[in-house]
>>> print(open('entry_22.csv').read())   # CSV, C-alpha atoms
chain,number,residue,atom,x,y,z
A,1,MET,CA,116.8,81.2,88.6
A,2,LEU,CA,113.1,80.7,87.9
A,3,ARG,CA,111.5,79.1,91.0
A,4,ASP,CA,114.6,79.5,93.1
A,5,ARG,CA,114.2,80.9,96.6
A,6,VAL,CA,116.3,83.9,97.3
A,7,ARG,CA,117.2,86.1,100.3
A,8,VAL,CA,117.5,89.8,99.6
A,9,ASP,CA,118.2,92.8,101.8
A,10,TYR,CA,116.9,96.1,100.5
A,11,ILE,CA,116.5,99.8,101.2
A,12,LEU,CA,113.4,101.5,99.7
A,13,GLU,CA,113.4,105.2,99.0
A,14,VAL,CA,110.3,107.1,97.8
A,15,ASP,CA,110.2,110.8,97.1
A,16,GLY,CA,113.8,111.2,98.5
A,17,LYS,CA,112.9,109.5,101.8
A,18,ILE,CA,113.7,106.0,103.1
A,19,VAL,CA,110.4,104.3,103.9
A,20,ASP,CA,111.3,100.7,104.3
A,21,THR,CA,114.3,98.5,104.8
A,22,THR,CA,115.5,95.1,106.0
A,23,PHE,CA,118.4,96.7,108.0
A,24,GLU,CA,117.7,97.6,111.6
A,25,ASP,CA,120.4,100.3,111.7
A,26,VAL,CA,119.0,102.0,108.6
A,27,ALA,CA,115.5,101.9,110.0
A,28,ARG,CA,116.7,103.5,113.3
A,29,LYS,CA,118.7,106.2,111.5
A,30,ASN,CA,115.7,107.1,109.4
A,31,ASN,CA,113.1,107.0,112.2
A,32,ILE,CA,111.1,104.2,110.7
A,33,PHE,CA,112.2,101.5,113.2
A,34,SER,CA,109.4,99.3,114.6
A,35,ASN,CA,109.6,96.7,117.4
A,36,PHE,CA,107.1,94.7,115.4
A,37,ILE,CA,109.4,94.1,112.5
A,38,VAL,CA,112.1,91.5,112.3
A,39,TYR,CA,115.0,93.0,110.4
A,40,GLU,CA,116.4,90.3,108.2
A,41,PRO,CA,116.7,89.6,104.5
A,42,LEU,CA,113.4,89.1,102.6
A,43,GLU,CA,113.0,85.5,101.5
A,44,PHE,CA,110.8,84.7,98.5
A,45,GLU,CA,110.4,82.3,95.6
A,46,ILE,CA,111.1,83.8,92.1
A,47,GLY,CA,107.9,83.6,90.1
A,48,SER,CA,105.6,83.3,93.1
A,49,GLY,CA,104.2,86.8,92.8
A,50,ASP,CA,105.1,87.6,96.4
A,51,VAL,CA,106.9,90.7,95.5
A,52,ILE,CA,106.3,93.5,92.9
A,53,ARG,CA,107.4,92.7,89.3
A,54,GLY,CA,110.1,95.3,89.1
A,55,PHE,CA,111.8,94.1,92.3
A,56,GLU,CA,111.6,90.4,91.1
A,57,LYS,CA,112.9,91.2,87.6
A,58,ALA,CA,115.9,93.0,89.1
A,59,VAL,CA,116.7,90.2,91.5
A,60,MET,CA,116.5,87.7,88.6
A,61,GLU,CA,119.4,89.5,86.9
A,62,MET,CA,121.6,89.5,89.9
A,63,LYS,CA,124.3,87.1,91.2
A,64,LYS,CA,124.8,86.1,94.8
A,65,GLY,CA,126.6,88.8,96.7
A,66,GLN,CA,125.8,91.5,94.1
A,67,GLU,CA,124.5,94.9,95.1
A,68,LYS,CA,122.3,96.9,92.7
A,69,GLU,CA,120.3,100.2,92.6
A,70,ILE,CA,117.1,100.1,90.7
A,71,ILE,CA,114.2,102.4,89.9
A,72,VAL,CA,110.8,100.7,89.7
A,73,LYS,CA,108.1,102.7,87.7
A,74,PRO,CA,104.5,102.4,88.9
A,75,GLY,CA,103.6,99.9,86.1
A,76,GLU,CA,106.1,97.4,87.6
A,77,GLY,CA,105.4,98.5,91.2
A,78,TYR,CA,102.1,99.2,92.8
A,79,GLY,CA,100.4,100.5,89.7
A,80,GLU,CA,99.0,104.0,88.9
A,81,ARG,CA,96.6,105.7,91.2
A,82,SER,CA,93.0,105.2,90.1
A,83,ASP,CA,90.0,107.4,91.0
A,84,LYS,CA,87.9,104.2,90.6
A,85,LEU,CA,89.4,103.0,93.8
A,86,ILE,CA,88.1,106.0,95.8
A,87,PHE,CA,84.4,105.8,96.8
A,88,GLU,CA,81.9,106.7,99.5
A,89,LEU,CA,80.4,104.3,102.0
A,90,GLU,CA,77.5,104.8,104.4
A,91,ARG,CA,78.8,105.4,108.0
A,92,GLU,CA,76.5,102.7,109.2
A,93,LYS,CA,78.7,100.1,107.5
A,94,PHE,CA,81.3,100.6,110.2
A,95,LYS,CA,81.2,99.1,113.6
A,96,LYS,CA,79.5,101.6,116.0
A,97,LYS,CA,81.8,100.7,118.9
A,98,GLU,CA,85.0,101.6,117.1
A,99,PRO,CA,85.6,105.3,116.3
A,100,ILE,CA,86.9,106.0,112.9
A,101,ASN,CA,89.0,109.0,111.9
A,102,GLU,CA,90.3,110.5,108.7
A,103,GLY,CA,93.7,109.0,108.0
A,104,ASP,CA,92.9,105.6,109.6
A,105,ARG,CA,93.8,102.5,107.6
A,106,ILE,CA,91.0,100.0,107.6
A,107,THR,CA,90.2,96.6,106.1
A,108,LEU,CA,87.0,96.3,104.0
A,109,ASN,CA,85.3,92.9,103.9
A,110,LEU,CA,84.0,92.3,100.3
A,111,PRO,CA,81.0,90.1,99.4
A,112,ASN,CA,83.3,87.5,97.8
A,113,LYS,CA,85.0,87.0,101.1
A,114,ARG,CA,88.1,89.0,100.0
A,115,ARG,CA,89.5,91.8,102.0
A,116,LEU,CA,90.7,95.2,100.7
A,117,SER,CA,92.9,97.6,102.5
A,118,ALA,CA,91.7,101.3,102.5
A,119,LYS,CA,92.4,104.6,104.0
A,120,ILE,CA,89.7,106.9,105.3
A,121,ILE,CA,90.2,110.2,103.5
A,122,GLU,CA,87.1,112.1,104.5
A,123,ILE,CA,84.1,111.8,106.9
A,124,LYS,CA,81.1,114.0,106.2
A,125,GLY,CA,78.0,113.3,108.2
A,126,ASP,CA,76.8,109.8,107.3
A,127,LYS,CA,79.3,109.4,104.4
A,128,VAL,CA,82.8,108.0,104.7
A,129,LYS,CA,85.1,108.4,101.7
A,130,VAL,CA,87.8,105.7,101.4
A,131,ASP,CA,90.8,105.3,99.1
A,132,CYS,CA,91.7,101.7,98.2
A,133,ASN,CA,94.8,102.6,96.2
A,134,HIS,CA,98.0,101.1,97.6
A,135,GLU,CA,99.8,103.9,99.5
A,136,LEU,CA,102.7,103.5,97.0
A,137,ALA,CA,100.5,103.5,93.9
A,138,GLY,CA,101.7,106.1,91.3
A,139,LYS,CA,105.1,106.4,93.0
A,140,GLU,CA,108.5,105.7,91.6
A,141,LEU,CA,110.4,103.4,93.9
A,142,LYS,CA,114.1,103.5,94.3
A,143,PHE,CA,115.6,100.3,95.7
A,144,MET,CA,119.1,99.4,96.8
A,145,LEU,CA,119.2,95.6,96.6
A,146,TYR,CA,121.7,93.1,98.1
A,147,LEU,CA,121.3,89.5,96.9
A,148,ARG,CA,122.4,87.5,99.9
A,149,GLU,CA,121.6,83.9,98.9
A,150,VAL,CA,120.1,81.8,96.2
A,151,LEU,CA,118.7,78.8,98.1
>>> encode(input="entry_22.csv", output="structure tokens")
Amino acid sequence: MLRDRVRVDYILEVDGKIVDTTFEDVARKNNIFSNFIVYEPLEFEIGSGDVIRGFEKAVMEMKKGQEKEIIVKPGEGYGERSDKLIFELEREKFKKKEPINEGDRITLNLPNKRRLSAKIIEIKGDKVKVDCNHELAGKELKFMLYLREVL
């Protein structure tokens, strides 16, 4: 199956709550529906690195039409939370025209032209504390997988 393209439906549960899915009815039922999302199977190439390791490994063990529940530990998901990814920036680094608030998700432009997603966790005077950990870092992920197609 290495390098095959697959189409997979899933339901993701974190801390006992459904937080993501490819099913519109499940999204509506769990109050996570968005008009900006197209609810259809996720298509990706095995071995491409487009999905987390634990998800990919489970799909590789499945046959077309199979359903499977898996638990993905942080090491095979979004990693452990790291205090090294929480730091303070000067308020002046942010665009003056756009107000920022605690809880906002922002994109940081790094010197090497890369971008990093962060969450503002505290604003104190001229200091802004940001957390660059993935929001699911340190979390155990429970997936219900449905392998629809091997392309």
>>> axis_aligned_box(input="entry_22.csv", around="region 88-102 of chain A", padding_each_side="6 Å", output="AutoDock Vina command-line options")
--center_x 83.4 --center_y 104.8 --center_z 109.2 --size_x 25.8 --size_y 23.4 --size_z 31.4
>>> residues_around(input="entry_22.csv", residues="Leu42 (chain A)", least_positions_apart="4", cutoff="9 Å", atoms="all atoms listed in the file", output="list in words")
Val6, Arg7, Val8, Asp9, Tyr10 and Thr22 of chain A
>>> atom_distance(input="entry_22.csv", atom1="CA of Asp131 (chain A)", atom2="CA of Asn101 (chain A)")
13.4 Å
>>> residues_around(input="entry_22.csv", residues="region 59-68 of chain A", least_positions_apart="6", cutoff="6 Å", atoms="all atoms listed in the file", output="mmCIF file with C-alpha atoms, in the coordinates of the input")
data_model
loop_
_atom_site.group_PDB
_atom_site.id
_atom_site.type_symbol
_atom_site.label_atom_id
_atom_site.label_comp_id
_atom_site.auth_asym_id
_atom_site.auth_seq_id
_atom_site.Cartn_x
_atom_site.Cartn_y
_atom_site.Cartn_z
ATOM 1 C CA MET A 144 119.100 99.400 96.800
ATOM 2 C CA LEU A 145 119.200 95.600 96.600
ATOM 3 C CA TYR A 146 121.700 93.100 98.100
ATOM 4 C CA LEU A 147 121.300 89.500 96.900
ATOM 5 C CA ARG A 148 122.400 87.500 99.900
ATOM 6 C CA GLU A 149 121.600 83.900 98.900
#
>>> residues_around(input="entry_22.csv", residues="Ile86 (chain A)", least_positions_apart="5", cutoff="10 Å", atoms="all atoms listed in the file", output="PyMOL selection string")
chain A and resi 81+118-121+129-133
>>> atom_distance(input="entry_22.csv", atom1="CA of Gly54 (chain A)", atom2="CA of Gly77 (chain A)")
6.1 Å
